[in-house]
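**Student:** Next comes the structure file start30.cif, holding mmCIF, C-alpha atoms.
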```
data_run
#
loop_
_atom_site.label_atom_id
_atom_site.label_comp_id
_atom_site.auth_asym_id
_atom_site.auth_seq_id
_atom_site.Cartn_x
_atom_site.Cartn_y
_atom_site.Cartn_z
CA MET A 1 94.61 101.67 120.31
CA ARG A 2 92.24 100.01 117.84
CA GLN A 3 89.11 100.99 119.76
CA TRP A 4 90.45 104.54 120.23
CA VAL A 5 91.15 104.96 116.53
CA ILE A 6 87.76 103.59 115.52
CA LEU A 7 85.87 105.82 118.00
CA ALA A 8 87.85 108.88 116.91
CA LEU A 9 87.17 108.19 113.24
CA MET A 10 83.47 107.63 113.94
CA ALA A 11 83.24 110.92 115.82
CA PHE A 12 85.12 112.74 113.09
CA THR A 13 82.88 111.23 110.39
CA ALA A 14 79.67 112.14 112.23
CA VAL A 15 80.63 115.77 112.81
CA ILE A 16 81.95 116.41 109.34
CA ALA A 17 79.04 114.62 107.69
CA ALA A 18 76.73 117.10 109.40
CA LEU A 19 78.82 120.01 108.15
CA ALA A 20 78.96 118.52 104.66
CA GLY A 21 75.17 118.30 104.64
CA VAL A 22 74.96 122.05 105.21
CA ALA A 23 77.65 122.82 102.65
CA GLY A 24 75.97 120.66 100.02
CA ALA A 25 72.47 122.02 100.55
CA ASP A 26 72.59 123.99 97.31
CA GLU A 27 73.94 121.02 95.36
CA ASN A 28 70.97 120.92 93.01
CA SER A 29 70.56 124.67 92.70
CA GLY A 30 71.59 124.63 89.07
CA ALA A 31 74.70 126.76 89.61
CA PRO A 32 77.11 126.69 86.65
CA ARG A 33 79.95 124.21 86.98
CA GLN A 34 83.48 125.43 86.42
CA GLU A 35 86.26 123.04 85.44
CA LEU A 36 89.91 122.87 86.45
CA LEU A 37 92.64 120.71 84.96
CA ALA A 38 94.95 118.99 87.45
CA TYR A 39 98.04 116.85 86.93
CA THR A 40 98.73 114.30 89.64
CA THR A 41 101.02 111.44 90.63
CA LEU A 42 98.32 109.94 92.86
CA PRO A 43 96.41 106.76 91.88
CA PRO A 44 93.21 107.33 89.85
CA GLU A 45 91.03 105.81 92.60
CA THR A 46 92.28 108.41 95.09
CA VAL A 47 91.84 111.49 92.94
CA SER A 48 88.44 110.39 91.66
CA ILE A 49 87.22 110.45 95.28
CA LEU A 50 88.47 114.01 95.69
CA SER A 51 87.06 115.15 92.36
CA GLU A 52 83.57 113.79 93.07
CA ALA A 53 83.50 115.23 96.59
CA TYR A 54 84.62 118.69 95.48
CA GLU A 55 82.15 118.80 92.60
CA ARG A 56 79.32 117.95 95.00
CA GLU A 57 80.37 120.66 97.45
CA GLU A 58 81.51 123.48 95.16
CA HIS A 59 80.05 122.72 91.71
CA VAL A 60 83.55 122.75 90.26
CA ARG A 61 84.79 119.75 88.32
CA ILE A 62 88.46 118.78 88.77
CA ASN A 63 89.69 116.89 85.73
CA PHE A 64 92.62 114.90 87.07
CA VAL A 65 95.26 113.50 84.72
CA PRO A 66 97.38 110.84 86.53
CA LEU A 67 100.97 110.85 85.30
CA PRO A 68 104.32 109.31 86.30
CA PRO A 69 106.55 111.86 88.10
CA GLN A 70 108.96 112.65 85.27
CA GLU A 71 106.22 112.74 82.66
CA LEU A 72 104.23 115.15 84.81
CA VAL A 73 107.17 117.54 85.06
CA ASN A 74 107.90 117.30 81.32
CA LYS A 75 104.27 117.81 80.34
CA LEU A 76 103.84 120.75 82.68
CA TYR A 77 107.02 122.37 81.37
CA ALA A 78 106.10 121.84 77.70
CA GLU A 79 102.39 122.66 77.68
CA ARG A 80 101.76 125.02 80.62
CA ALA A 81 98.03 124.34 80.26
CA VAL A 82 97.29 122.93 83.70
CA ASP A 83 95.72 124.72 86.67
CA VAL A 84 96.73 122.59 89.66
CA VAL A 85 99.36 119.96 90.49
CA LEU A 86 98.66 117.41 93.25
CA ALA A 87 101.73 115.27 93.74
CA ASP A 88 104.51 113.92 95.93
CA SER A 89 106.59 116.67 97.51
CA LYS A 90 109.70 115.59 95.58
CA VAL A 91 107.90 116.16 92.29
CA LEU A 92 106.69 119.56 93.49
CA ASP A 93 110.26 120.49 94.48
CA VAL A 94 111.37 119.80 90.90
CA CYS A 95 108.50 121.91 89.57
CA THR A 96 109.52 124.87 91.73
CA LYS A 97 113.10 124.70 90.50
CA LEU A 98 111.77 124.99 86.96
CA ASP A 99 109.55 127.95 87.97
CA LEU A 100 106.37 126.04 87.10
CA LEU A 101 104.41 126.86 90.27
CA THR A 102 103.20 130.20 91.57
CA PRO A 103 103.09 131.24 95.26
CA HIS A 104 99.75 130.86 96.99
CA PHE A 105 99.07 132.59 100.30
CA SER A 106 95.95 132.08 102.39
CA GLU A 107 94.88 131.97 106.01
CA THR A 108 94.34 128.22 105.60
CA ASN A 109 97.79 127.28 104.34
CA ASP A 110 99.44 129.75 106.70
CA ALA A 111 98.53 127.36 109.54
CA VAL A 112 100.61 124.57 107.98
CA LYS A 113 104.06 124.08 109.52
CA ASN A 114 107.05 125.17 107.44
CA GLU A 115 108.39 121.61 107.28
CA PHE A 116 105.34 120.67 105.21
CA LYS A 117 105.61 123.32 102.49
CA ASP A 118 107.89 125.19 100.14
CA ARG A 119 109.66 128.10 101.80
CA TYR A 120 108.01 130.55 99.36
CA ASP A 121 104.56 128.88 99.45
CA ARG A 122 104.83 127.69 95.86
CA TRP A 123 103.39 124.40 97.05
CA ILE A 124 101.70 123.35 100.28
CA GLY A 125 101.69 119.88 101.82
CA VAL A 126 98.12 118.72 102.38
CA TRP A 127 98.61 115.33 104.06
CA TYR A 128 101.35 112.83 104.86
CA ASP A 129 101.72 109.10 105.45
CA PRO A 130 104.40 108.02 107.95
CA VAL A 131 106.21 104.68 108.14
CA ILE A 132 105.42 102.95 111.43
CA PHE A 133 105.88 99.61 113.21
CA CYS A 134 102.72 97.56 112.70
CA ALA A 135 102.71 94.96 115.48
CA ASN A 136 100.59 91.87 116.01
CA ARG A 137 98.88 92.22 119.39
CA ASP A 138 99.30 88.56 120.28
CA TYR A 139 103.05 88.85 119.72
CA LEU A 140 103.28 91.93 121.95
CA ARG A 141 101.83 89.90 124.83
CA THR A 142 104.80 87.52 124.64
CA ILE A 143 107.58 90.11 125.07
CA HIS A 144 108.63 92.16 128.07
CA GLU A 145 109.64 95.36 126.26
CA ILE A 146 108.14 96.71 123.07
CA PRO A 147 110.79 97.74 120.49
CA ASP A 148 110.09 101.39 119.73
CA THR A 149 113.28 102.48 117.95
CA TRP A 150 114.97 101.30 114.77
CA SER A 151 117.92 99.87 116.69
CA ALA A 152 115.63 98.11 119.16
CA LEU A 153 113.75 96.46 116.30
CA ALA A 154 116.99 95.39 114.65
CA ASN A 155 118.22 93.89 117.92
CA GLU A 156 114.94 92.23 118.93
CA PRO A 157 115.58 88.44 119.12
CA HIS A 158 113.29 85.87 117.49
CA VAL A 159 111.05 88.46 115.86
CA ARG A 160 109.57 87.89 112.41
CA ILE A 161 109.55 91.11 110.39
CA GLY A 162 107.47 92.10 107.38
CA ILE A 163 108.69 94.81 105.01
CA THR A 164 108.26 96.03 101.45
CA ASP A 165 111.33 95.66 99.23
CA PHE A 166 113.25 98.94 99.00
CA LEU A 167 113.32 98.48 95.22
CA ALA A 168 109.56 98.04 94.94
CA ALA A 169 107.94 101.19 96.36
CA ASP A 170 108.78 104.85 96.89
CA ALA A 171 107.63 104.76 100.52
CA SER A 172 110.10 101.98 101.22
CA SER A 173 113.11 103.43 99.39
CA ASN A 174 112.28 106.83 100.87
CA LEU A 175 112.66 105.25 104.31
CA MET A 176 116.20 104.15 103.52
CA PHE A 177 117.20 107.54 102.15
CA GLN A 178 115.76 109.48 105.09
CA LEU A 179 117.39 107.12 107.59
CA ILE A 180 120.74 107.66 105.85
CA GLY A 181 120.16 111.41 105.67
CA ASN A 182 119.44 111.60 109.41
CA PHE A 183 121.45 108.76 110.98
CA GLY A 184 124.28 108.39 108.46
CA ALA A 185 125.04 105.50 106.11
CA ALA A 186 127.01 103.40 108.61
CA SER A 187 124.27 103.40 111.28
CA THR A 188 121.53 102.83 108.72
CA TYR A 189 123.20 99.81 107.13
CA GLU A 190 123.87 98.42 110.61
CA ILE A 191 120.15 98.67 111.36
CA LEU A 192 119.18 97.11 108.03
CA SER A 193 121.72 94.32 108.54
CA GLY A 194 120.09 93.53 111.88
CA ILE A 195 116.62 93.52 110.37
CA HIS A 196 117.43 91.44 107.26
CA PRO A 197 117.84 87.95 108.86
CA LYS A 198 114.42 88.33 110.52
CA VAL A 199 112.50 89.35 107.39
CA VAL A 200 109.76 86.87 106.51
CA GLN A 201 109.53 88.12 102.94
CA TYR A 202 110.44 91.26 101.01
CA THR A 203 107.06 92.05 99.48
CA LYS A 204 106.30 94.10 96.39
CA PHE A 205 103.25 95.97 97.70
CA LEU A 206 102.81 98.23 100.74
CA SER A 207 99.72 96.38 101.96
CA ASN A 208 101.31 92.93 102.25
CA PRO A 209 103.48 93.55 105.35
CA VAL A 210 100.35 94.79 107.15
CA ARG A 211 98.41 91.71 106.10
CA GLN A 212 101.28 89.49 107.30
CA ALA A 213 101.21 91.08 110.76
CA GLY A 214 97.42 90.97 110.90
CA MET A 215 97.35 87.27 109.99
CA GLY A 216 100.15 86.36 112.41
CA GLU A 217 102.61 85.54 109.62
CA ALA A 218 104.88 88.33 110.89
CA ASP A 219 105.26 89.72 114.41
CA ILE A 220 106.11 93.32 113.51
CA SER A 221 105.93 94.88 110.07
CA ILE A 222 107.53 98.06 108.81
CA ALA A 223 104.61 99.66 107.01
CA VAL A 224 102.84 102.89 106.10
CA GLU A 225 100.24 104.04 108.59
CA SER A 226 97.46 104.43 106.01
CA GLU A 227 97.48 100.72 105.17
CA THR A 228 97.70 99.78 108.85
CA LEU A 229 94.65 101.90 109.74
CA ARG A 230 92.74 100.30 106.88
CA TYR A 231 93.35 96.84 108.39
CA ILE A 232 92.59 98.07 111.92
CA GLN A 233 89.24 99.31 110.62
CA ASP A 234 88.63 95.74 109.41
CA ASN A 235 89.27 94.44 112.96
CA TYR A 236 92.70 92.91 112.46
CA PRO A 237 94.60 92.52 115.80
CA LEU A 238 97.18 95.23 115.15
CA LYS A 239 98.85 97.97 117.19
CA ILE A 240 100.66 100.99 115.79
CA ILE A 241 104.07 101.80 117.27
CA TYR A 242 105.66 105.12 116.35
CA PRO A 243 109.49 104.90 116.23
CA ALA A 244 110.70 107.12 119.09
CA ASP A 245 113.87 108.08 117.22
CA GLY A 246 111.95 109.32 114.20
CA THR A 247 110.53 107.96 110.99
CA SER A 248 110.18 108.81 107.33
CA TYR A 249 107.00 109.86 105.59
CA LEU A 250 105.57 110.53 102.17
CA LEU A 251 104.21 114.07 101.84
CA THR A 252 101.53 114.94 99.28
CA GLY A 253 101.19 118.57 98.31
CA VAL A 254 99.37 120.92 95.97
CA GLY A 255 100.70 123.71 93.77
CA ILE A 256 99.11 126.18 91.36
CA SER A 257 100.60 126.39 87.89
CA THR A 258 102.28 129.63 86.83
CA ALA A 259 100.22 129.35 83.65
CA ASP A 260 97.00 129.68 85.66
CA SER A 261 95.95 133.32 85.67
CA VAL A 262 92.26 133.50 84.76
CA LYS A 263 91.30 130.54 86.99
CA ASN A 264 93.69 131.35 89.81
CA PRO A 265 90.98 132.13 92.42
CA ALA A 266 89.22 128.83 91.67
CA ALA A 267 92.51 126.92 91.78
CA ALA A 268 93.43 128.59 95.07
CA LYS A 269 90.05 127.69 96.55
CA PHE A 270 90.53 124.04 95.59
CA ALA A 271 94.05 124.06 97.07
CA ASP A 272 92.63 125.32 100.37
CA TRP A 273 89.83 122.74 100.25
CA LEU A 274 92.42 119.96 100.14
CA LEU A 275 93.47 121.16 103.60
CA SER A 276 89.92 120.86 104.93
CA ASP A 277 87.99 118.23 106.86
CA GLY A 278 85.82 117.80 103.78
CA ALA A 279 88.72 116.33 101.82
CA GLN A 280 89.76 114.09 104.73
CA LEU A 281 86.20 112.86 105.19
CA ALA A 282 85.90 111.95 101.52
CA LEU A 283 89.13 109.97 101.69
CA GLN A 284 88.33 108.22 104.97
CA ARG A 285 84.88 107.20 103.80
CA ASN A 286 86.64 105.28 101.05
CA GLY A 287 89.33 103.70 103.21
CA PHE A 288 92.21 106.19 102.75
CA TYR A 289 93.68 107.35 106.05
CA PHE A 290 96.29 110.11 105.90
CA ILE A 291 97.42 112.71 108.42
CA SER A 292 96.29 116.24 107.64
CA THR A 293 98.98 118.93 107.75
CA ASN A 294 96.38 121.49 108.84
CA PRO A 295 96.35 121.60 112.67
CA ARG A 296 93.01 123.41 112.63
CA THR A 297 91.10 120.45 111.22
CA LEU A 298 89.16 117.96 113.27
CA ALA A 299 91.00 115.25 111.36
CA TYR A 300 94.28 116.46 112.83
CA LYS A 301 92.92 117.05 116.32
CA THR A 302 91.60 113.47 116.54
CA PHE A 303 94.90 111.99 115.32
CA ALA A 304 96.22 109.60 117.96
CA GLY A 305 99.95 109.94 117.23
CA LYS A 306 100.60 113.29 118.84
CA ASN A 307 104.11 112.15 119.81
CA LEU A 308 105.04 111.10 116.28
CA VAL A 309 108.65 112.14 115.54
CA LEU A 310 109.38 112.83 111.88
CA LEU A 311 112.82 112.69 110.33
CA GLU A 312 114.05 115.60 108.26
CA ARG A 313 112.33 115.27 104.87
CA THR A 314 115.02 116.87 102.76
CA GLU A 315 117.99 114.67 101.93
CA PRO A 316 120.60 116.15 99.55
CA PHE A 317 121.16 112.98 97.53
CA THR A 318 121.35 112.90 93.75
CA GLN A 319 119.61 110.21 91.74
CA GLN A 320 122.98 108.53 91.24
CA GLN A 321 123.63 108.49 94.99
CA ARG A 322 120.21 106.99 95.67
CA GLU A 323 120.90 104.24 93.16
CA GLU A 324 124.26 103.59 94.78
CA PHE A 325 122.64 103.30 98.23
CA LEU A 326 120.15 100.76 96.87
CA ASP A 327 122.87 98.83 95.04
CA ARG A 328 124.91 98.64 98.22
CA TRP A 329 121.91 97.37 100.18
CA VAL A 330 121.29 94.64 97.58
CA ARG A 331 124.95 93.67 97.40
CA GLU A 332 125.87 93.76 101.08
CA ILE A 333 122.58 92.88 102.79
CA ARG A 334 119.77 91.64 100.56
CA MET A 335 121.82 88.98 98.78
CA GLN A 336 123.66 87.74 101.85
#
```
Would you give me this structure, written as structure tokens?
**Tutor:**
Amino acid sequence: MRQWVILALMAFTAVIAALAGVAGADENSGAPRQELLAYTTLPPETVSILSEAYEREEHVRINFVPLPPQELVNKLYAERAVDVVLADSKVLDVCTKLDLLTPHFSETNDAVKNEFKDRYDRWIGVWYDPVIFCANRDYLRTIHEIPDTWSALANEPHVRIGITDFLAADASSNLMFQLIGNFGAASTYEILSGIHPKVVQYTKFLSNPVRQAGMGEADISIAVESETLRYIQDNYPLKIIYPADGTSYLLTGVGISTADSVKNPAAAKFADWLLSDGAQLALQRNGFYFISTNPRTLAYKTFAGKNLVLLERTEPFTQQQREEFLDRWVREIRMQ
């Protein structure tokens, strides 16, 4: 798996680099540079990569303002001065309910599956990051059957499991909520109860469970794929296992502000670019590995997990219900 992933990424990088060279040929032509203002919930290091790449290719500067989710919504509602929003799908859902995003239709985003976008195209998912089983290869050689479902992992004897605390990261808590939304609370807590006694440590950061598996401190970690691929690229002895009964994922999407009228064509062009191989290449060159939602891209076509089963993203839980689920997990499982 490791060699396959590395070869695929190398091939993808080589092809797109050639295309990028053509696209950037007029980089120093002196064309005027337009600017767009974008609010985002993504880390500054991620959006700076995108901003620099897009400015090189299109001579348009994207001024990203990183904000916490609720602050982003409040600021967008109060000021209405932004052009683009690049954020977690849950934040974009809130923005649509407040009528803060305008529909955007294009041939590019029309290729994206409905499960990855708003039903009225007010925002479009551009990439996602699934939760997977990150297994140490040496451990896999010692067992007869690889656990490839949540129940199988919970019932696997003598396994050491790495996981990020559900209270510490959105990707981790999102896993619990999507499992409950798809499997029901009883089945989910049964799975988590089976996993808990085998947990080496509930970590605070998404990268630590991957490091634990890579260093042999854990046998199988529950982790996001992006972090796992980063470690595989650094030659850690890891294998990705996609849960056969489905898994959760974090979806990042883009929306155009309803306040954007004059710059709408430029904002729409940037939104489409985020669905391109150019955006994926820029991210991968800097160690960020996400799955493109655009099936027409080379990035998607070289993705190894064609049989990845995704759980339903939408779960109808209120904030109070989510807090109650977490409280129950702490009370009945974590503290036992």
**Student:** Between atom CA of A:Lys204 and atom CA of A:Ala171, what is the distance, to one decimal in Å?
**Tutor:**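 Computing the Euclidean distance for atom CA of A:Lys204 and atom CA of A:Ala171 yields 11.5 Å.
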**Student:** So, counting all atoms listed in the file, which residue among A:Asp88, A:Asp165, A:Asp327, A:Asp138 is closest to A:Gln70?
**Tutor:** A:Asp88
**Student:** Enumerate, as a PDB file with C-alpha atoms, in the coordinates of the input, the residues matched when the PyMOL selection byres ((chain A and resi 32-44) around 10) is run on the file above.
**Tutor:**
```pdb
ATOM      1  CA  SER A  29      70.560 124.670  92.700  1.00  0.00           C
ATOM      2  CA  GLY A  30      71.590 124.630  89.070  1.00  0.00           C
ATOM      3  CA  ALA A  31      74.700 126.760  89.610  1.00  0.00           C
ATOM      4  CA  GLU A  45      91.030 105.810  92.600  1.00  0.00           C
ATOM      5  CA  THR A  46      92.280 108.410  95.090  1.00  0.00           C
ATOM      6  CA  VAL A  47      91.840 111.490  92.940  1.00  0.00           C
ATOM      7  CA  SER A  48      88.440 110.390  91.660  1.00  0.00           C
ATOM      8  CA  ILE A  49      87.220 110.450  95.280  1.00  0.00           C
ATOM      9  CA  GLU A  55      82.150 118.800  92.600  1.00  0.00           C
ATOM     10  CA  GLU A  58      81.510 123.480  95.160  1.00  0.00           C
ATOM     11  CA  HIS A  59      80.050 122.720  91.710  1.00  0.00           C
ATOM     12  CA  VAL A  60      83.550 122.750  90.260  1.00  0.00           C
ATOM     13  CA  ARG A  61      84.790 119.750  88.320  1.00  0.00           C
ATOM     14  CA  ILE A  62      88.460 118.780  88.770  1.00  0.00           C
ATOM     15  CA  ASN A  63      89.690 116.890  85.730  1.00  0.00           C
ATOM     16  CA  PHE A  64      92.620 114.900  87.070  1.00  0.00           C
ATOM     17  CA  VAL A  65      95.260 113.500  84.720  1.00  0.00           C
ATOM     18  CA  PRO A  66      97.380 110.840  86.530  1.00  0.00           C
ATOM     19  CA  LEU A  67     100.970 110.850  85.300  1.00  0.00           C
ATOM     20  CA  PRO A  68     104.320 109.310  86.300  1.00  0.00           C
ATOM     21  CA  PRO A  69     106.550 111.860  88.100  1.00  0.00           C
ATOM     22  CA  GLN A  70     108.960 112.650  85.270  1.00  0.00           C
ATOM     23  CA  GLU A  71     106.220 112.740  82.660  1.00  0.00           C
ATOM     24  CA  LEU A  72     104.230 115.150  84.810  1.00  0.00           C
ATOM     25  CA  VAL A  73     107.170 117.540  85.060  1.00  0.00           C
ATOM     26  CA  LYS A  75     104.270 117.810  80.340  1.00  0.00           C
ATOM     27  CA  LEU A  76     103.840 120.750  82.680  1.00  0.00           C
ATOM     28  CA  ALA A  81      98.030 124.340  80.260  1.00  0.00           C
ATOM     29  CA  VAL A  82      97.290 122.930  83.700  1.00  0.00           C
ATOM     30  CA  ASP A  83      95.720 124.720  86.670  1.00  0.00           C
ATOM     31  CA  VAL A  84      96.730 122.590  89.660  1.00  0.00           C
ATOM     32  CA  VAL A  85      99.360 119.960  90.490  1.00  0.00           C
ATOM     33  CA  LEU A  86      98.660 117.410  93.250  1.00  0.00           C
ATOM     34  CA  ALA A  87     101.730 115.270  93.740  1.00  0.00           C
ATOM     35  CA  ASP A  88     104.510 113.920  95.930  1.00  0.00           C
ATOM     36  CA  VAL A  91     107.900 116.160  92.290  1.00  0.00           C
ATOM     37  CA  THR A 252     101.530 114.940  99.280  1.00  0.00           C
ATOM     38  CA  GLY A 253     101.190 118.570  98.310  1.00  0.00           C
ATOM     39  CA  VAL A 254      99.370 120.920  95.970  1.00  0.00           C
ATOM     40  CA  GLY A 255     100.700 123.710  93.770  1.00  0.00           C
ATOM     41  CA  ILE A 256      99.110 126.180  91.360  1.00  0.00           C
ATOM     42  CA  SER A 257     100.600 126.390  87.890  1.00  0.00           C
ATOM     43  CA  ASP A 260      97.000 129.680  85.660  1.00  0.00           C
ATOM     44  CA  LYS A 263      91.300 130.540  86.990  1.00  0.00           C
ATOM     45  CA  ASN A 264      93.690 131.350  89.810  1.00  0.00           C
ATOM     46  CA  ALA A 266      89.220 128.830  91.670  1.00  0.00           C
ATOM     47  CA  ALA A 267      92.510 126.920  91.780  1.00  0.00           C
ATOM     48  CA  PHE A 270      90.530 124.040  95.590  1.00  0.00           C
TER      49      PHE A 270
END
```
**Student:** Just want the 6 Å neighbourhood of A:Ile161, counted on all atoms listed in the file, with same-chain residues fewer than 4 positions away dropped. Output as a list in words.
**Tutor:**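 That gives Lys198, Val199, Val200, Ala218, Ile220 and Ser221 of chain A.
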**Student:** Would you mind listing what lies within 8 Å of stretch 106-115 of chain A as a list in words, with only C-alpha atoms counted and same-chain residues fewer than 3 positions away left out?
**Tutor:**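 Once the nearby chain positions are removed, what remains is Asp118, Arg119, Ile124, Gly125, Asp272, Leu275, Thr293, Asn294, Pro295, Arg296 and Arg313 of chain A.
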**Student:** Which one is closest to A:Val159: A:Phe177, A:Tyr249, A:Tyr77, A:Tyr139? Count all atoms listed in the file.
**Tutor:**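 Checking each of A:Phe177, A:Tyr249, A:Tyr77, A:Tyr139 against A:Val159, counting all atoms listed in the file, the winner is A:Tyr139.
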**Student:** Going by the chain IDs and residue numbers used in this file, which residues fall under the PyMOL selection byres ((chain A and resi 160) around 12)? Write them as a ChimeraX atom specification.
**Tutor:** /A:134-136,139,153-159,161-163,194-202,209,212-213,216-222
**Student:** For A:Trp127, which residue out of A:Leu250, A:Ala304, A:Leu98, A:Val330 is the nearest one, using all atoms listed in the file?
**Tutor:**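 That would be A:Leu250, the residue with the smallest distance to A:Trp127.
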**Student:** Find the distance between atom CA of A:Asp121 and atom CA of A:Leu274 and write it in Å to one decimal.
**Tutor:**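 Pair atom CA of A:Asp121 / atom CA of A:Leu274 returns 15.1 Å.
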**Student:** Counting all atoms listed in the file, figure out which residue out of A:Asp234, A:Glu225, A:Asp277, A:Glu332 gets nearest to A:Leu50.
**Tutor:**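 The shortest atom-to-atom distance to A:Leu50 comes from A:Asp277.
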**Student:** Between atom CA of A:Ala53 and atom CA of A:Gly287, what is the spacing in Å?
**Tutor:**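 About the pair atom CA of A:Gly287 and atom CA of A:Ala53: they are 14.5 Å apart.
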**Student:** Out of A:Val210, A:Ile191, A:Asp148, A:Val131, which residue has the shortest atom-to-atom distance to A:Ile291 when counting all atoms listed in the file?
**Tutor:**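 Smallest distance to A:Ile291 is found for A:Val131.
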**Student:** Have a look at A:Phe317, A:Ser172, A:Trp123, A:Thr96 and name the one nearest to A:Thr203; count all atoms listed in the file.
**Tutor:** A:Ser172
**Student:** Take the PyMOL selection byres ((chain A and resi 226) around 8), apply it to the structure above, and return the hits as a PDB file with C-alpha atoms, in the coordinates of the input.
**Tutor:**
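Result file follows (out21.pdb):
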```
ATOM      1  CA  ASP A 129     101.720 109.100 105.450  1.00  0.00           C
ATOM      2  CA  VAL A 224     102.840 102.890 106.100  1.00  0.00           C
ATOM      3  CA  GLU A 225     100.240 104.040 108.590  1.00  0.00           C
ATOM      4  CA  GLU A 227      97.480 100.720 105.170  1.00  0.00           C
ATOM      5  CA  THR A 228      97.700  99.780 108.850  1.00  0.00           C
ATOM      6  CA  LEU A 229      94.650 101.900 109.740  1.00  0.00           C
ATOM      7  CA  ARG A 230      92.740 100.300 106.880  1.00  0.00           C
ATOM      8  CA  PHE A 288      92.210 106.190 102.750  1.00  0.00           C
ATOM      9  CA  TYR A 289      93.680 107.350 106.050  1.00  0.00           C
ATOM     10  CA  PHE A 290      96.290 110.110 105.900  1.00  0.00           C
TER      11      PHE A 290
END
```
**Student:** Would you kindly return, as a tab-separated table (two decimals) with C-alpha atoms, keeping the file's coordinate frame, each protein, DNA or RNA residue with an atom no farther than 10 Å from any atom of A:Thr247, considering only C-alpha atoms and excluding same-chain residues fewer than 6 positions away?
**Tutor:**
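Dumped everything to part_4.tsv:
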```
chain	number	residue	atom	x	y	z
A	130	PRO	CA	104.40	108.02	107.95
A	131	VAL	CA	106.21	104.68	108.14
A	132	ILE	CA	105.42	102.95	111.43
A	133	PHE	CA	105.88	99.61	113.21
A	149	THR	CA	113.28	102.48	117.95
A	150	TRP	CA	114.97	101.30	114.77
A	175	LEU	CA	112.66	105.25	104.31
A	178	GLN	CA	115.76	109.48	105.09
A	179	LEU	CA	117.39	107.12	107.59
A	182	ASN	CA	119.44	111.60	109.41
A	308	LEU	CA	105.04	111.10	116.28
A	309	VAL	CA	108.65	112.14	115.54
A	310	LEU	CA	109.38	112.83	111.88
A	311	LEU	CA	112.82	112.69	110.33
A	312	GLU	CA	114.05	115.60	108.26
A	313	ARG	CA	112.33	115.27	104.87
```
